[in-house]
>>> print(open('run.cif').read())   # mmCIF, C-alpha atoms
data_model
#
loop_
_atom_site.label_atom_id
_atom_site.label_comp_id
_atom_site.auth_asym_id
_atom_site.auth_seq_id
_atom_site.Cartn_x
_atom_site.Cartn_y
_atom_site.Cartn_z
CA MET H 1 -85.24 52.80 5.93
CA SER H 2 -86.21 53.72 9.52
CA VAL H 3 -84.08 56.66 10.64
CA ILE H 4 -80.85 58.28 9.42
CA THR H 5 -79.14 61.31 10.97
CA ALA H 6 -76.85 63.86 9.35
CA PHE H 7 -74.59 66.60 10.65
CA THR H 8 -72.66 69.39 8.99
CA GLU H 9 -70.46 72.22 10.10
CA GLU H 10 -70.01 73.56 6.55
CA LYS H 11 -70.65 77.30 6.66
CA VAL H 12 -71.66 77.83 3.02
CA ILE H 13 -75.34 76.90 2.87
CA GLN H 14 -75.19 75.19 -0.55
CA THR H 15 -72.30 72.99 0.62
CA ALA H 16 -73.93 72.29 3.99
CA VAL H 17 -77.22 71.23 2.40
CA GLN H 18 -75.39 69.06 -0.14
CA GLU H 19 -73.60 67.30 2.71
CA ILE H 20 -76.90 66.57 4.47
CA GLN H 21 -78.54 65.54 1.22
CA SER H 22 -75.70 63.13 0.45
CA LYS H 23 -76.34 61.32 3.72
CA LEU H 24 -80.14 61.27 3.71
CA ALA H 25 -81.46 61.46 0.16
CA VAL H 26 -80.41 58.01 -1.00
CA SER H 27 -82.87 56.51 1.49
CA GLN H 28 -85.74 58.67 0.16
CA PRO H 29 -87.06 59.84 3.52
CA LYS H 30 -90.72 60.61 3.98
CA VAL H 31 -89.93 63.30 6.58
CA VAL H 32 -86.81 65.41 7.13
CA LEU H 33 -86.55 67.31 10.41
CA TYR H 34 -83.64 69.71 10.82
CA PHE H 35 -82.33 72.15 13.37
CA ALA H 36 -79.97 74.87 12.19
CA SER H 37 -77.82 77.36 14.02
CA SER H 38 -79.01 80.93 13.57
CA SER H 39 -75.61 81.59 11.98
CA TYR H 40 -77.13 80.25 8.74
CA ASN H 41 -79.33 82.74 6.91
CA PRO H 42 -82.83 81.39 7.57
CA GLN H 43 -84.22 82.85 4.34
CA GLU H 44 -81.65 80.80 2.39
CA ILE H 45 -81.54 77.57 4.34
CA ALA H 46 -85.30 76.96 4.35
CA PRO H 47 -85.74 76.84 0.56
CA ALA H 48 -82.42 75.02 0.11
CA MET H 49 -83.40 72.20 2.48
CA ASN H 50 -86.85 71.95 0.93
CA HIS H 51 -85.37 71.76 -2.57
CA ALA H 52 -82.90 69.06 -1.49
CA PHE H 53 -85.67 66.64 -0.50
CA PRO H 54 -88.50 66.83 -3.01
CA GLY H 55 -91.37 64.60 -2.00
CA ALA H 56 -90.50 64.76 1.71
CA ALA H 57 -92.12 66.87 4.41
CA VAL H 58 -89.22 69.11 5.47
CA PHE H 59 -89.45 71.23 8.61
CA GLY H 60 -87.42 72.54 11.55
CA CYS H 61 -86.20 75.70 13.25
CA THR H 62 -83.28 77.85 14.36
CA THR H 63 -81.46 76.95 17.55
CA SER H 64 -79.20 77.96 20.39
CA GLY H 65 -77.02 74.92 19.85
CA GLU H 66 -77.55 71.54 18.25
CA ILE H 67 -77.55 67.95 19.47
CA ILE H 68 -76.86 64.78 17.50
CA SER H 69 -76.02 61.25 18.58
CA GLY H 70 -72.74 61.48 20.42
CA LYS H 71 -72.30 65.23 20.61
CA MET H 72 -73.52 68.69 21.45
CA ALA H 73 -72.56 71.19 18.76
CA LYS H 74 -72.75 74.83 17.82
CA ASP H 75 -72.94 76.68 14.51
CA SER H 76 -74.02 73.50 12.75
CA ILE H 77 -77.03 71.82 11.19
CA VAL H 78 -78.40 68.50 12.38
CA ALA H 79 -81.01 66.56 10.45
CA MET H 80 -82.98 63.35 10.76
CA GLY H 81 -84.64 61.51 7.89
CA PHE H 82 -87.59 59.27 8.75
CA GLY H 83 -88.69 56.45 6.49
CA ASP H 84 -92.32 55.54 5.89
CA ASP H 85 -91.73 52.56 8.19
CA ILE H 86 -91.51 55.05 11.09
CA ILE H 87 -93.88 57.85 10.10
CA GLY H 88 -96.93 56.78 8.13
CA ASP H 89 -98.36 60.25 7.62
CA ILE H 90 -97.77 63.86 8.55
CA ASN H 91 -99.45 67.21 8.15
CA ILE H 92 -97.75 70.48 8.98
CA GLN H 93 -99.48 73.77 9.70
CA ILE H 94 -98.06 77.20 10.45
CA VAL H 95 -99.90 79.41 12.93
CA HIS H 96 -99.13 83.05 12.18
CA ASP H 97 -99.07 86.21 14.33
CA ILE H 98 -98.85 84.26 17.58
CA SER H 99 -97.74 87.29 19.62
CA THR H 100 -101.11 89.00 19.10
CA GLU H 101 -103.54 86.34 17.82
CA ASP H 102 -104.61 82.79 18.56
CA ASN H 103 -105.14 81.02 15.24
CA VAL H 104 -104.56 77.50 16.52
CA LYS H 105 -108.19 76.56 15.71
CA GLN H 106 -107.53 77.25 12.03
CA ALA H 107 -104.58 74.85 12.11
CA PHE H 108 -106.75 72.20 13.70
CA ASN H 109 -109.49 72.75 11.14
CA ALA H 110 -106.83 71.88 8.56
CA PHE H 111 -105.71 68.79 10.53
CA GLU H 112 -109.32 67.62 10.74
CA GLY H 113 -109.73 68.06 7.01
CA TYR H 114 -106.51 66.20 6.24
CA TYR H 115 -107.04 63.25 8.58
CA GLN H 116 -110.85 63.28 8.17
CA THR H 117 -111.29 63.01 11.95
CA PRO H 118 -112.48 65.56 14.52
CA ALA H 119 -109.54 66.69 16.67
CA LEU H 120 -111.11 65.42 19.89
CA GLU H 121 -111.55 61.97 18.32
CA LEU H 122 -107.90 61.60 17.25
CA ASP H 123 -106.53 58.62 19.20
CA PRO H 124 -103.59 59.85 21.31
CA THR H 125 -101.97 56.41 21.06
CA LYS H 126 -101.90 56.65 17.27
CA TYR H 127 -101.17 60.33 16.67
CA VAL H 128 -98.52 62.64 18.09
CA GLY H 129 -97.78 66.31 17.55
CA ILE H 130 -94.64 68.39 17.41
CA VAL H 131 -94.93 72.07 18.29
CA ILE H 132 -92.15 74.59 17.71
CA CYS H 133 -92.79 78.24 18.55
CA ASP H 134 -90.88 81.41 17.78
CA GLY H 135 -88.98 81.64 21.06
CA LEU H 136 -89.17 85.42 21.40
CA THR H 137 -92.95 85.96 21.34
CA ARG H 138 -93.92 84.94 24.90
CA ALA H 139 -96.88 83.26 23.20
CA GLU H 140 -96.04 79.66 24.03
CA GLU H 141 -98.48 79.33 26.93
CA LYS H 142 -101.38 80.59 24.83
CA ILE H 143 -100.54 78.32 21.88
CA ILE H 144 -100.04 75.18 23.95
CA ASP H 145 -103.14 75.89 26.03
CA SER H 146 -105.22 76.21 22.86
CA ILE H 147 -103.80 72.97 21.51
CA GLY H 148 -104.71 71.23 24.77
CA ASN H 149 -108.27 72.56 24.58
CA LEU H 150 -108.76 71.21 21.06
CA THR H 151 -107.20 67.74 21.33
CA ASP H 152 -105.97 65.06 23.70
CA VAL H 153 -103.15 64.18 21.31
CA THR H 154 -99.84 65.10 22.96
CA PHE H 155 -97.94 67.90 21.27
CA ILE H 156 -94.33 67.92 22.40
CA GLY H 157 -91.59 70.33 21.42
CA GLY H 158 -89.84 73.55 22.24
CA SER H 159 -89.15 77.15 21.37
CA ALA H 160 -86.79 78.07 18.55
CA GLY H 161 -83.57 79.81 19.57
CA ASP H 162 -80.98 82.14 18.06
CA ASP H 163 -77.67 81.41 19.76
CA LEU H 164 -78.47 83.70 22.69
CA LYS H 165 -78.72 86.81 20.54
CA PHE H 166 -82.42 87.23 21.43
CA ALA H 167 -83.02 89.01 18.14
CA ASN H 168 -84.93 86.71 15.76
CA THR H 169 -85.90 83.06 15.83
CA TYR H 170 -87.52 81.12 12.99
CA VAL H 171 -89.49 77.99 12.28
CA PHE H 172 -89.06 76.33 8.87
CA ALA H 173 -91.70 74.69 6.68
CA ASN H 174 -92.90 74.83 3.08
CA GLY H 175 -89.45 76.03 2.04
CA GLN H 176 -89.89 79.22 4.07
CA ALA H 177 -88.67 80.71 7.34
CA TYR H 178 -91.36 82.17 9.58
CA SER H 179 -91.09 84.37 12.64
CA ASN H 180 -93.88 85.34 15.04
CA ALA H 181 -95.24 81.91 14.21
CA ALA H 182 -95.70 78.40 15.57
CA LEU H 183 -95.15 75.21 13.59
CA LEU H 184 -97.56 72.40 14.38
CA ALA H 185 -96.84 68.98 12.88
CA LEU H 186 -99.38 66.20 13.42
CA LEU H 187 -97.80 62.78 12.82
CA LYS H 188 -99.22 59.31 12.48
CA PRO H 189 -96.30 57.02 13.44
CA ILE H 190 -96.30 53.43 12.29
CA GLY H 191 -95.03 51.92 15.53
CA THR H 192 -94.97 52.78 19.20
CA PHE H 193 -93.93 56.17 20.47
CA ASP H 194 -93.65 57.71 23.90
CA PHE H 195 -92.31 60.74 25.71
CA ILE H 196 -89.53 61.56 28.13
CA LYS H 197 -89.78 64.70 30.24
CA THR H 198 -86.71 65.03 32.41
CA GLN H 199 -85.69 67.90 34.64
CA SER H 200 -82.82 67.59 37.10
CA PHE H 201 -84.39 68.95 40.27
CA ASN H 202 -85.80 67.71 43.54
CA PRO H 203 -88.42 69.64 45.50
CA THR H 204 -87.33 71.06 48.85
CA ASN H 205 -89.79 71.36 51.72
CA LYS H 206 -90.27 75.08 50.96
CA THR H 207 -93.20 76.35 48.93
CA LEU H 208 -94.20 79.75 47.59
CA VAL H 209 -97.67 80.89 46.55
CA ALA H 210 -97.87 83.54 43.83
CA THR H 211 -100.27 86.03 45.42
CA LYS H 212 -99.87 88.92 42.94
CA VAL H 213 -98.80 88.49 39.33
CA ASP H 214 -98.60 90.18 35.95
CA GLU H 215 -99.37 87.02 34.04
CA ALA H 216 -99.03 88.35 30.51
CA ASN H 217 -95.49 89.57 31.18
CA ARG H 218 -94.51 86.50 33.22
CA ILE H 219 -93.86 88.60 36.33
CA VAL H 220 -94.51 87.55 39.92
CA ILE H 221 -94.91 90.68 42.02
CA GLU H 222 -95.60 88.98 45.36
CA PHE H 223 -95.15 85.55 46.88
CA ASP H 224 -97.10 84.86 50.09
CA HIS H 225 -98.18 88.55 50.13
CA LYS H 226 -94.54 89.68 50.36
CA PRO H 227 -92.39 91.23 47.59
CA ALA H 228 -91.38 88.32 45.36
CA VAL H 229 -87.63 88.90 45.65
CA GLU H 230 -87.81 89.05 49.45
CA ALA H 231 -89.91 85.88 49.75
CA TYR H 232 -87.85 83.92 47.20
CA ALA H 233 -84.53 85.03 48.77
CA GLN H 234 -85.76 83.89 52.18
CA ALA H 235 -86.83 80.54 50.76
CA ILE H 236 -83.46 79.84 49.14
CA GLU H 237 -81.53 81.42 52.04
CA HIS H 238 -79.78 84.03 49.87
CA SER H 239 -79.56 87.76 50.36
CA ALA H 240 -82.15 89.68 48.36
CA GLU H 241 -79.35 91.70 46.73
CA ALA H 242 -77.69 88.56 45.35
CA VAL H 243 -80.85 86.63 44.58
CA ASN H 244 -80.01 86.25 40.87
CA ALA H 245 -77.18 83.91 41.83
CA GLY H 246 -79.71 81.37 43.03
CA PHE H 247 -81.94 81.34 39.98
CA MET H 248 -80.24 78.58 37.98
CA SER H 249 -80.06 76.06 40.82
CA HIS H 250 -83.34 76.96 42.54
CA PRO H 251 -86.14 77.43 40.04
CA LEU H 252 -89.71 76.76 41.15
CA GLY H 253 -91.74 73.68 40.37
CA LEU H 254 -95.49 73.44 39.86
CA MET H 255 -95.86 69.96 41.33
CA ILE H 256 -98.29 67.66 39.55
CA ASP H 257 -98.41 64.13 40.96
CA ASP H 258 -94.95 64.60 42.49
CA GLU H 259 -93.42 65.77 39.21
CA PRO H 260 -92.20 69.35 38.80
CA TYR H 261 -93.26 71.48 35.84
CA VAL H 262 -90.40 73.94 36.13
CA ARG H 263 -90.75 77.72 36.17
CA SER H 264 -87.31 79.36 35.92
CA PRO H 265 -86.64 82.85 37.27
CA GLN H 266 -85.08 85.16 34.72
CA GLN H 267 -84.42 88.44 36.51
CA ALA H 268 -85.21 90.44 39.61
CA ASN H 269 -86.50 93.96 39.13
CA ALA H 270 -87.90 96.39 41.70
CA GLY H 271 -88.81 93.58 44.12
CA ALA H 272 -90.56 91.49 41.48
CA ILE H 273 -89.24 88.47 39.59
CA THR H 274 -89.69 87.86 35.87
CA PHE H 275 -89.85 84.20 34.86
CA TYR H 276 -89.23 82.37 31.60
CA CYS H 277 -92.82 81.14 31.62
CA ASN H 278 -95.99 82.44 33.17
CA VAL H 279 -97.11 81.92 36.73
CA LYS H 280 -100.80 82.20 37.48
CA GLU H 281 -102.10 83.93 40.57
CA GLY H 282 -102.72 81.42 43.32
CA MET H 283 -100.22 78.85 42.01
CA GLU H 284 -98.40 77.10 44.83
CA MET H 285 -94.93 75.99 43.78
CA SER H 286 -92.12 74.12 45.43
CA VAL H 287 -88.64 75.58 45.63
CA LEU H 288 -86.42 73.15 43.72
CA GLU H 289 -82.78 72.22 44.14
CA SER H 290 -80.67 70.99 41.26
CA THR H 291 -79.41 67.44 40.81
CA ASP H 292 -77.23 65.75 38.17
CA ILE H 293 -78.28 66.27 34.54
CA ILE H 294 -76.06 63.48 33.20
CA ALA H 295 -77.21 60.89 35.73
CA ASP H 296 -80.87 61.88 35.53
CA THR H 297 -81.00 61.92 31.72
CA THR H 298 -79.21 58.59 31.49
CA THR H 299 -81.62 57.06 33.99
CA ALA H 300 -84.66 58.47 32.18
CA ILE H 301 -83.60 56.90 28.90
CA GLU H 302 -82.64 53.56 30.43
CA LYS H 303 -85.97 53.45 32.26
CA LYS H 304 -87.89 54.09 29.06
CA GLN H 305 -85.96 51.39 27.21
CA ALA H 306 -86.60 48.91 30.02
CA GLU H 307 -90.30 49.85 29.97
CA ILE H 308 -90.95 49.70 26.22
CA GLY H 309 -87.99 48.37 24.26
CA THR H 310 -85.22 49.34 21.85
CA ILE H 311 -85.38 53.01 20.92
CA LYS H 312 -85.25 53.71 17.17
CA ALA H 313 -85.04 57.52 17.37
CA ILE H 314 -85.14 60.45 19.76
CA ILE H 315 -85.99 64.09 19.08
CA ASN H 316 -84.59 66.04 22.05
CA PHE H 317 -85.83 69.53 22.96
CA ASN H 318 -83.25 70.47 25.60
CA CYS H 319 -83.48 73.76 27.47
CA ILE H 320 -80.69 76.25 26.80
CA LEU H 321 -80.40 76.72 30.58
CA ARG H 322 -79.49 73.02 30.86
CA THR H 323 -76.95 73.48 28.06
CA LEU H 324 -75.42 76.47 29.86
CA GLN H 325 -75.25 74.45 33.07
CA LEU H 326 -73.57 71.57 31.23
CA GLU H 327 -71.09 74.00 29.68
CA SER H 328 -70.23 75.53 33.06
CA GLN H 329 -69.64 72.04 34.46
CA GLY H 330 -67.63 70.85 31.44
CA ASN H 331 -70.20 68.10 30.80
CA CYS H 332 -71.38 68.77 27.24
CA GLN H 333 -69.42 65.90 25.78
CA GLN H 334 -70.81 63.52 28.40
CA TYR H 335 -74.35 64.68 27.64
CA GLY H 336 -73.91 64.10 23.91
CA GLU H 337 -72.48 60.65 24.61
CA ILE H 338 -75.68 59.59 26.39
CA PHE H 339 -77.18 59.40 22.90
CA THR H 340 -74.24 57.78 21.08
CA LYS H 341 -76.03 54.51 20.38
CA ILE H 342 -79.46 56.00 19.71
CA PRO H 343 -80.25 57.96 16.50
CA THR H 344 -80.90 61.39 18.00
CA ILE H 345 -81.19 64.97 16.94
CA GLY H 346 -82.17 67.89 19.07
CA PHE H 347 -81.41 71.46 19.92
CA SER H 348 -81.04 73.91 22.79
CA THR H 349 -84.40 75.59 23.17
CA TYR H 350 -85.79 78.81 24.61
CA GLY H 351 -88.47 76.81 26.43
CA GLU H 352 -90.00 73.35 26.21
CA ALA H 353 -93.50 72.11 25.46
CA TYR H 354 -95.21 69.15 27.08
CA ILE H 355 -98.87 69.75 27.94
CA GLY H 356 -97.75 73.22 29.00
CA HIS H 357 -94.83 75.60 28.51
CA ILE H 358 -91.98 74.73 30.86
CA ASN H 359 -88.33 75.53 31.54
CA GLN H 360 -85.03 73.82 32.41
CA THR H 361 -86.36 70.54 31.07
CA ALA H 362 -85.58 68.15 28.23
CA THR H 363 -88.71 67.00 26.46
CA MET H 364 -88.13 64.10 24.09
CA LEU H 365 -90.26 62.35 21.50
CA VAL H 366 -89.14 58.72 21.40
CA PHE H 367 -89.87 56.24 18.62
CA PHE H 368 -89.69 52.47 19.14
CA MET N 1 -121.78 76.52 50.83
CA ALA N 2 -119.02 74.00 50.13
CA GLY N 3 -117.74 71.35 47.77
CA LYS N 4 -118.66 72.94 44.47
CA ILE N 5 -115.06 73.40 43.29
CA LYS N 6 -114.18 69.75 43.80
CA ALA N 7 -117.39 68.67 42.12
CA MET N 8 -116.71 70.91 39.12
CA CYS N 9 -113.16 69.58 38.78
CA ASN N 10 -114.39 66.01 38.92
CA THR N 11 -117.07 66.72 36.30
CA ILE N 12 -114.64 68.39 33.90
CA ILE N 13 -112.18 65.50 34.19
CA ALA N 14 -114.84 62.79 33.91
CA LYS N 15 -116.63 64.31 30.93
CA ARG N 16 -113.47 65.09 28.98
CA ALA N 17 -111.91 61.68 29.70
CA ASN N 18 -115.04 59.59 29.14
CA GLY N 19 -113.63 56.67 31.16
CA ASN N 20 -110.08 56.78 29.73
CA PRO N 21 -107.63 56.87 32.68
CA VAL N 22 -104.81 58.32 30.54
CA ILE N 23 -107.03 61.22 29.50
CA GLU N 24 -108.16 61.64 33.12
CA LYS N 25 -104.53 62.17 34.17
CA LEU N 26 -103.90 64.46 31.19
CA THR N 27 -106.99 66.57 31.92
CA LYS N 28 -106.03 66.91 35.58
CA THR N 29 -102.56 68.12 34.47
CA LYS N 30 -104.20 70.65 32.16
CA LEU N 31 -106.37 71.91 35.02
CA VAL N 32 -103.34 72.46 37.24
CA LEU N 33 -101.49 74.26 34.46
CA LYS N 34 -104.60 76.40 33.90
CA GLY N 35 -104.38 77.44 37.56
CA VAL N 36 -106.74 75.14 39.47
CA ASN N 37 -105.29 72.13 41.28
CA PRO N 38 -108.06 69.59 42.06
CA ASP N 39 -105.93 68.02 44.81
CA GLN N 40 -106.14 71.24 46.81
CA PHE N 41 -109.91 70.96 47.22
CA THR N 42 -112.29 68.58 48.94
CA ALA N 43 -116.02 68.18 49.38
CA SER N 44 -115.68 70.50 52.39
CA SER N 45 -113.76 73.30 50.66
CA PRO N 46 -115.62 76.64 50.72
CA ASP N 47 -117.08 77.79 47.42
CA ASP N 48 -114.59 80.43 46.29
CA GLN N 49 -116.39 82.39 43.55
CA VAL N 50 -113.13 83.43 41.85
CA ILE N 51 -112.07 79.82 41.41
CA ILE N 52 -115.56 78.80 40.39
CA GLY N 53 -115.44 81.50 37.74
CA LYS N 54 -112.10 80.13 36.47
CA LEU N 55 -113.58 76.63 36.27
CA VAL N 56 -116.59 77.84 34.31
CA GLN N 57 -114.19 79.26 31.70
CA ILE N 58 -111.97 76.17 31.79
CA ALA N 59 -114.98 73.95 31.15
CA LYS N 60 -115.96 76.12 28.19
CA ASP N 61 -112.40 76.00 26.82
CA LEU N 62 -112.32 72.21 27.12
CA GLY N 63 -115.74 71.81 25.51
CA VAL N 64 -117.32 70.40 28.66
CA THR N 65 -120.89 71.17 29.73
CA LEU N 66 -121.14 71.54 33.49
#
>>> encode(input="run.cif", output="structure tokens")
Amino acid sequence: MSVITAFTEEKVIQTAVQEIQSKLAVSQPKVVLYFASSSYNPQEIAPAMNHAFPGAAVFGCTTSGEIISGKMAKDSIVAMGFGDDIIGDINIQIVHDISTEDNVKQAFNAFEGYYQTPALELDPTKYVGIVICDGLTRAEEKIIDSIGNLTDVTFIGGSAGDDLKFANTYVFANGQAYSNAALLALLKPIGTFDFIKTQSFNPTNKTLVATKVDEANRIVIEFDHKPAVEAYAQAIEHSAEAVNAGFMSHPLGLMIDDEPYVRSPQQANAGAITFYCNVKEGMEMSVLESTDIIADTTTAIEKKQAEIGTIKAIINFNCILRTLQLESQGNCQQYGEIFTKIPTIGFSTYGEAYIGHINQTATMLVFF
Amino acid sequence: MAGKIKAMCNTIIAKRANGNPVIEKLTKTKLVLKGVNPDQFTASSPDDQVIIGKLVQIAKDLGVTL
């Protein structure tokens, strides 16, 4: 069966789910992953999708826009059915109360029981994880850090969205919609899999060291012992009063082996800068300048295909800030068309996960 | 005193990775994301007690005995 994708813009949930079911159910998928606009009532769509695919592991989340082979969409549902020739096994756990607790260990106790293997002994070439967090909890760093402590299996993913309302985001599993929660899915693919992490930025020769921070609230108070706004404005050669205008094209990059793990500024306030992910005191980061999302994403996929082979499926966690940039440039159609010949679903996220919590990046799980 | 930070980083990476170069690279990435970049220290770097304290906790979190 391999992989089949489905897309619907039907607004009535029963009709929408029937349309997806009509495309996927005949192939009896082992796993159904779906991403749904927050315009669909999450309390209705979760049980409906679960009911439509009895015998399959059905999971997903709410979005700030959807992606499917050939297009970027809004107010829709995208779904991907995986056959047992792609995913041999899967176990899904929900971690609750992530804004105040860290219950990741409990999830991993369950994974260990299911796969009968200690988490640290799971072979990262044979297992892969998907992590989707409630995008409004600011808990992603804590969750992903805990995952990384417990296992060397890569968990890739993103933060659920809600069409830029910033009210409620949900993850779906077990026929239910959960908020203040993280969904962890541990998969045992049959064939080869790999990852693409692509962010369209180059480092400049300017760096900033976070010398005073409020880590829990993702605020940098000082860079290089100067008020953060003043230091950042100087680095990007903008006036401090208009510093917000530089945020999108000049985020900061924590450089690891010449690759940026992007930290995106969100807002300036009283001389400090709030980011979309946390910055630890002492972190030295490069000031980044933006490049071409279409060209860079195309190159990243072509490079991966040349390296490993024909891609059977992509799950694309694409930052909402990238989507907004594509929209402002009139390039959404071009971006969707990058994936025309590759079975792909994805969504616009409130943050991305790949070893850590990052911004303005597309993190992709790729099956071969 | 000097060099302790680099030595601690190397020990954490080596013990967690157990000879696997992919896990070595992954563990180094985790260290940087946790706030300590091994590439910024050498055998001559002064022993900064704040960073040493961070590495003690990181080792505990990663299940590594220093």
>>> resolve_selection(input="run.cif", expression="the PyMOL selection byres ((chain H) within 10 of (chain N))", output="list of chain:residue names")
H:Leu120, H:Pro124, H:Glu141, H:Asp145, H:Ser146, H:Gly148, H:Asn149, H:Leu150, H:Thr151, H:Asp152, H:Val153, H:Thr154, H:Leu254, H:Met255, H:Ile256, H:Asp257, H:Tyr261, H:Asn278, H:Val279, H:Lys280, H:Glu281, H:Gly282, H:Met283, H:Glu284, H:Ile355, H:Gly356, H:His357
>>> residues_around(input="run.cif", residues="Arg322 of chain H", least_positions_apart="2", cutoff="8 Å", atoms="all atoms listed in the file", output="PyMOL selection string")
chain H and resi 293+318-320+324-326+360-361
>>> write_last_selection(input="run.cif", atoms="C-alpha atoms", output="PDB file, keeping the file's coordinate frame")
ATOM      1  CA  ILE H 293     -78.280  66.270  34.540  1.00  0.00           C
ATOM      2  CA  ASN H 318     -83.250  70.470  25.600  1.00  0.00           C
ATOM      3  CA  CYS H 319     -83.480  73.760  27.470  1.00  0.00           C
ATOM      4  CA  ILE H 320     -80.690  76.250  26.800  1.00  0.00           C
ATOM      5  CA  LEU H 324     -75.420  76.470  29.860  1.00  0.00           C
ATOM      6  CA  GLN H 325     -75.250  74.450  33.070  1.00  0.00           C
ATOM      7  CA  LEU H 326     -73.570  71.570  31.230  1.00  0.00           C
ATOM      8  CA  GLN H 360     -85.030  73.820  32.410  1.00  0.00           C
ATOM      9  CA  THR H 361     -86.360  70.540  31.070  1.00  0.00           C
TER      10      THR H 361
END
>>> resolve_selection(input="run.cif", expression="the PyMOL selection byres ((chain H and resi 224-233) around 6)", output="list in words")
Val209, Thr211, Ile221, Glu222, Phe223, Gln234, Ala235, Ile236, Glu237, His238, Ser239, Ala240, Val243, Gly271 and Ala272 of chain H
>>> residues_near_point(input="run.cif", point="(-95.5, 85.7, 26.3)", cutoff="10 Å", atoms="only C-alpha atoms", output="list in words")
Ile98, Ser99, Thr100, Gly135, Leu136, Thr137, Arg138, Ala139, Glu140, Glu141, Lys142, Ile143, Glu215, Ala216, Asn217, Arg218, Tyr276, Cys277 and Asn278 of chain H
>>> resolve_selection(input="run.cif", expression="the PyMOL selection byres ((chain N and resi 1) around 8)", output="PyMOL selection string")
chain N and resi 2-4+46-47
>>> axis_aligned_box(input="run.cif", around="segment 4-10 of chain N", padding_each_side="8 Å", output="JSON")
{"center_x": -115.9, "center_y": 69.7, "center_z": 41.6, "size_x": 21.5, "size_y": 23.4, "size_z": 21.7}
>>> atom_distance(input="run.cif", atom1="atom CA of Phe59 of chain H", atom2="atom CA of Ala173 of chain H")
4.6 Å
>>> closest_residue(input="run.cif", among="H:Thr349, H:Gln28, H:Asn331, H:Thr298", to="Asp134 of chain H", atoms="all atoms listed in the file")
H:Thr349
>>> atom_distance(input="run.cif", atom1="atom CA of Gln199 of chain H", atom2="atom CA of Met80 of chain H")
24.5 Å
>>> residues_around(input="run.cif", residues="Phe195 of chain H", least_positions_apart="2", cutoff="8 Å", atoms="all atoms listed in the file", output="tab-separated table (two decimals) with C-alpha atoms, in the frame of the given file")
chain	number	residue	atom	x	y	z
H	193	PHE	CA	-93.93	56.17	20.47
H	197	LYS	CA	-89.78	64.70	30.24
H	363	THR	CA	-88.71	67.00	26.46
H	364	MET	CA	-88.13	64.10	24.09
H	365	LEU	CA	-90.26	62.35	21.50
H	366	VAL	CA	-89.14	58.72	21.40
>>> decode(input="run.cif", residues="segment 24-35 of chain H", atoms="N, CA and C atoms", output="tab-separated table (two decimals), in the first residue's frame")
chain	number	residue	atom	x	y	z
H	24	LEU	N	-8.68	6.98	1.61
H	24	LEU	CA	-7.66	6.21	2.32
H	24	LEU	C	-8.11	4.82	2.75
H	25	ALA	N	-9.38	4.68	3.10
H	25	ALA	CA	-9.81	3.46	3.82
H	25	ALA	C	-9.67	2.19	2.99
H	26	VAL	N	-9.86	2.32	1.69
H	26	VAL	CA	-9.83	1.11	0.84
H	26	VAL	C	-8.48	0.41	0.95
H	27	SER	N	-7.43	1.19	1.23
H	27	SER	CA	-6.09	0.60	1.32
H	27	SER	C	-5.77	0.08	2.71
H	28	GLN	N	-6.70	0.22	3.64
H	28	GLN	CA	-6.54	-0.28	5.02
H	28	GLN	C	-5.21	0.16	5.63
H	29	PRO	N	-5.04	1.44	5.84
H	29	PRO	CA	-3.78	1.93	6.38
H	29	PRO	C	-3.54	1.44	7.80
H	30	LYS	N	-2.28	1.30	8.13
H	30	LYS	CA	-1.90	0.95	9.50
H	30	LYS	C	-1.89	2.22	10.36
H	31	VAL	N	-1.49	3.34	9.74
H	31	VAL	CA	-1.38	4.61	10.46
H	31	VAL	C	-2.05	5.69	9.61
H	32	VAL	N	-2.83	6.56	10.24
H	32	VAL	CA	-3.37	7.74	9.57
H	32	VAL	C	-2.93	8.97	10.36
H	33	LEU	N	-2.20	9.83	9.70
H	33	LEU	CA	-1.75	11.10	10.30
H	33	LEU	C	-2.53	12.21	9.62
H	34	TYR	N	-3.08	13.14	10.40
H	34	TYR	CA	-3.85	14.21	9.78
H	34	TYR	C	-3.60	15.53	10.48
H	35	PHE	N	-3.70	16.58	9.68
H	35	PHE	CA	-3.53	17.94	10.20
H	35	PHE	C	-4.77	18.73	9.78
